[in-house]
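I have placed the structure first, in the form of structure tokens, so that the comments after it can refer back to it.
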Amino acid sequence: MEIGMTQHIDTAVIGGGQAGLSASWHLKKAGREHLVLDRGKPGDTWRNRWDSFCLVTPNEMCRLPGFPYDGDEPDGFMLRDEIVSYVERFAESFDPPYKQGVEVRRLIPSDDGARFSLDTSLGVLNADNVIVAVGTHQRPNIPNWSNKFSDDIFQLHTHDYRNAAQLPAGGVLVVGSGQSGCQVVEDLLGEGRDVHLCVGKAGRLPRRYRGREILEWLRETGLFKMPVDEHPAGREIRFKPNIHLSGRDGGHTIDLRQLAQDGVKLHGRLIDVDGYQVSFANDLAKNLDAIDKDCRERLEKIDGFIEENGIEAPEDNSQPIAWRPNPEPTILDLKGSGIHSVIYATGFRFNFRWIDLPILDDRGYPHYDRGVTDTPGLYFLGLHWLYTAGSGLFFDVGRDAEYVVEHLCRQSR
């Protein structure tokens, strides 16, 4: 289907990543006319990651609709190009009605016999139903003090990071210790770079615990089935960073104290910049202790589950790493320390303001219940903790898509 003039379609799917393609798979199975609009092409979300990027969830958790992982390393972790191939092959497996290179600029109510009107880069499309599957990684979040660095300090967001060769010679300051930040730190360490890391509050878990992959325990204890409204943090969990884990080299634990022992210079939260002078909050030890406490509490829940269910599992005899900052550095002179680059691992900002419908809250995030909004015919998919911990992953995005499409079909009838 070409978009060249105002046309009418039953369902428009905005976004052609794993969420949009999963919706298309279920729409096609249900016999619903639809069109997937993608500003890129299948796999772009993963294609644009750094060279050494790999999944942090085991391959066997890749379960797109009708297309579970089909390789020979179910306990392994797919590398970037393998992930791209997996998404591309998923699309090829069912030949979705797909239009690439299309940007949807505005979504408004239609006055032309349909519920919605989509203003796109190729023209106007009217639709009775719309599934928004664009995710929340839309705009790199660059701190507002970034313009205070000296002009000769090279700055880059992880969105644009590919490898250490992009950076000028010398040390690197990584701002943000979430999953992406820690993996980039390991990448830089592997290239022999002198690395400094600003530590936040993102938690961690061991890669393996009591004889099993940690995500196996999380699944068995019910975390991956827990609806967002039953989570202790409630819907605010949608805006929290993921725990530290790595799938690199077969999968391993990321512990900030271990990184410090490996040579990474840890700092507290970055609070100000003045040319080459960087100021940190005096909260490094506090953040490290909070991360350790959160990890212990999570593991104690697993221990309780093991005991309650009489599961045979070896005891964990690992010892905590005792490294502590002494003294805690709060000022860093970039020039004096040989640091010429700053990488922002500060996450992304979502942007749903192009949706001109009464569905956004004060922060601009959509109201929905398991992807279903109060506006008939409008749905969301693929968001972090949309319904469960797996909603934004290959693991459960297909289940969410099935629920949304079934709801769409029911209300249409």
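Ligands are numbered from 1 in the order shown, residues from 1 within each chain, and chains are lettered A, B, ... in the order they appear in the structure tokens.
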Closest contacts (segment 222-310 of chain A/segment 322-338 of chain A, max 6 Å, only C-alpha atoms) as CSV:
residue,atom,partner,partner_atom,distance
A:Arg257,CA,A:Trp323,CA,5.7
A:Tyr276,CA,A:Leu334,CA,5.0
A:Gln277,CA,A:Asp333,CA,4.8
A:Val278,CA,A:Leu332,CA,5.1
A:Ser279,CA,A:Ile331,CA,4.7
A:Phe280,CA,A:Thr330,CA,4.6
Next, write the just-selected residues to a file, as a tab-separated table (two decimals), in the first residue's frame, keeping all heavy atoms as the atom set.
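Written output follows (part10.tsv):
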chain	number	residue	atom	x	y	z
A	257	ARG	N	32.18	-2.29	42.53
A	257	ARG	CA	33.38	-2.40	43.37
A	257	ARG	C	34.45	-3.22	42.66
A	257	ARG	O	35.65	-2.95	42.79
A	257	ARG	CB	33.02	-3.02	44.73
A	257	ARG	CG	32.05	-2.17	45.55
A	257	ARG	CD	31.82	-2.78	46.92
A	257	ARG	NE	30.66	-2.25	47.58
A	257	ARG	CZ	30.65	-1.16	48.37
A	257	ARG	NH1	31.76	-0.50	48.57
A	257	ARG	NH2	29.53	-0.76	48.94
A	276	TYR	N	37.42	22.44	32.61
A	276	TYR	CA	38.01	21.13	32.85
A	276	TYR	C	37.68	20.61	34.25
A	276	TYR	O	38.01	19.46	34.56
A	276	TYR	CB	39.53	21.20	32.69
A	276	TYR	CG	40.00	21.55	31.32
A	276	TYR	CD1	40.62	22.78	31.06
A	276	TYR	CD2	39.84	20.67	30.25
A	276	TYR	CE1	41.06	23.12	29.80
A	276	TYR	CE2	40.28	21.00	28.98
A	276	TYR	CZ	40.89	22.22	28.75
A	276	TYR	OH	41.32	22.55	27.49
A	277	GLN	N	37.07	21.45	35.08
A	277	GLN	CA	36.79	21.06	36.46
A	277	GLN	C	35.40	20.45	36.58
A	277	GLN	O	34.40	21.05	36.18
A	277	GLN	CB	36.90	22.27	37.39
A	277	GLN	CG	38.26	22.95	37.39
A	277	GLN	CD	39.36	22.03	37.87
A	277	GLN	OE1	39.26	21.45	38.95
A	277	GLN	NE2	40.41	21.89	37.07
A	278	VAL	N	35.34	19.24	37.11
A	278	VAL	CA	34.08	18.52	37.27
A	278	VAL	C	33.85	18.29	38.76
A	278	VAL	O	34.76	17.85	39.48
A	278	VAL	CB	34.09	17.16	36.53
A	278	VAL	CG1	32.78	16.42	36.74
A	278	VAL	CG2	34.34	17.38	35.04
A	279	SER	N	32.63	18.61	39.22
A	279	SER	CA	32.29	18.45	40.63
A	279	SER	C	31.30	17.30	40.79
A	279	SER	O	30.36	17.16	40.01
A	279	SER	CB	31.65	19.73	41.18
A	279	SER	OG	32.53	20.83	41.04
A	280	PHE	N	31.52	16.50	41.83
A	280	PHE	CA	30.67	15.35	42.12
A	280	PHE	C	30.03	15.50	43.49
A	280	PHE	O	30.60	16.09	44.41
A	280	PHE	CB	31.47	14.05	42.10
A	280	PHE	CG	32.26	13.83	40.84
A	280	PHE	CD1	33.62	14.07	40.80
A	280	PHE	CD2	31.63	13.38	39.69
A	280	PHE	CE1	34.35	13.88	39.64
A	280	PHE	CE2	32.35	13.18	38.51
A	280	PHE	CZ	33.72	13.43	38.49
Do you know which residues are at most 12 Å from segment 342-345 of chain A counting only C-alpha atoms, after dropping those on the same chain fewer than 3 positions away, and could you put them as a VMD selection string?
-> chain A and resid 140 to 147 149 to 164 166 to 168 170 to 185 188 195 to 200 202 241 270 273 276 278 334 338 to 339 348
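Among A:Gly222, A:Gly377, A:Gly247, A:Gly123, the residue with the shortest atom-to-atom distance to Val13 of chain A, counting only C-alpha atoms, is A:Gly377.
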Taking the chain letters and numbering used in this document, name the residues of segment 67-194 of chain A that DSSP puts in strand (DSSP E or B), as JSON, numbers by chain.
-> {"A": [67, 68, 79, 98, 99, 100, 104, 105, 106, 107, 108, 109, 116, 117, 118, 119, 120, 123, 124, 125, 126, 127, 128, 129, 130, 131, 132, 139, 140, 149, 154, 155, 156, 157, 171, 172, 173, 174, 175]}
Minimum-distance residue to Ile243 of chain A, chosen among A:Gly43, A:Gly203, A:Gly211, A:Gly275 (using only C-alpha atoms) =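 The closest residue to Ile243 of chain A is A:Gly203.
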Nearby residues (only C-alpha atoms) at most 8 Å from Cys54 of chain A, same-chain spacing under 5 positions excluded, as a list of chain:residue names |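 Non-adjacent residues within range: A:Phe77, A:Met78, A:Leu79, A:Arg80, A:Ser246, A:Gly247, A:Arg248.
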Atoms to include: N, CA, C and O atoms. Write the selected residues as an mmCIF file, in the first residue's frame.
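Final output, out-v9.cif:
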data_model
loop_
_atom_site.group_PDB
_atom_site.id
_atom_site.type_symbol
_atom_site.label_atom_id
_atom_site.label_comp_id
_atom_site.auth_asym_id
_atom_site.auth_seq_id
_atom_site.Cartn_x
_atom_site.Cartn_y
_atom_site.Cartn_z
ATOM 1 N N PHE A 77 24.236 -15.376 24.621
ATOM 2 C CA PHE A 77 23.700 -14.023 24.529
ATOM 3 C C PHE A 77 24.043 -13.472 23.148
ATOM 4 O O PHE A 77 25.220 -13.302 22.819
ATOM 5 N N MET A 78 23.036 -13.198 22.352
ATOM 6 C CA MET A 78 23.255 -12.758 20.984
ATOM 7 C C MET A 78 24.007 -11.427 20.928
ATOM 8 O O MET A 78 23.712 -10.501 21.682
ATOM 9 N N LEU A 79 24.950 -11.348 20.001
ATOM 10 C CA LEU A 79 25.659 -10.105 19.736
ATOM 11 C C LEU A 79 24.800 -9.204 18.856
ATOM 12 O O LEU A 79 23.779 -9.635 18.301
ATOM 13 N N ARG A 80 25.238 -7.956 18.721
ATOM 14 C CA ARG A 80 24.422 -6.962 18.008
ATOM 15 C C ARG A 80 23.958 -7.440 16.634
ATOM 16 O O ARG A 80 22.761 -7.392 16.323
ATOM 17 N N SER A 246 25.512 -8.314 32.381
ATOM 18 C CA SER A 246 26.189 -8.358 31.096
ATOM 19 C C SER A 246 26.061 -9.747 30.484
ATOM 20 O O SER A 246 26.100 -10.754 31.193
ATOM 21 N N GLY A 247 25.913 -9.777 29.176
ATOM 22 C CA GLY A 247 25.932 -11.035 28.453
ATOM 23 C C GLY A 247 27.260 -11.243 27.735
ATOM 24 O O GLY A 247 27.445 -12.243 27.031
ATOM 25 N N ARG A 248 28.172 -10.315 27.923
ATOM 26 C CA ARG A 248 29.450 -10.365 27.211
ATOM 27 C C ARG A 248 30.281 -11.565 27.663
ATOM 28 O O ARG A 248 30.277 -11.935 28.843
#
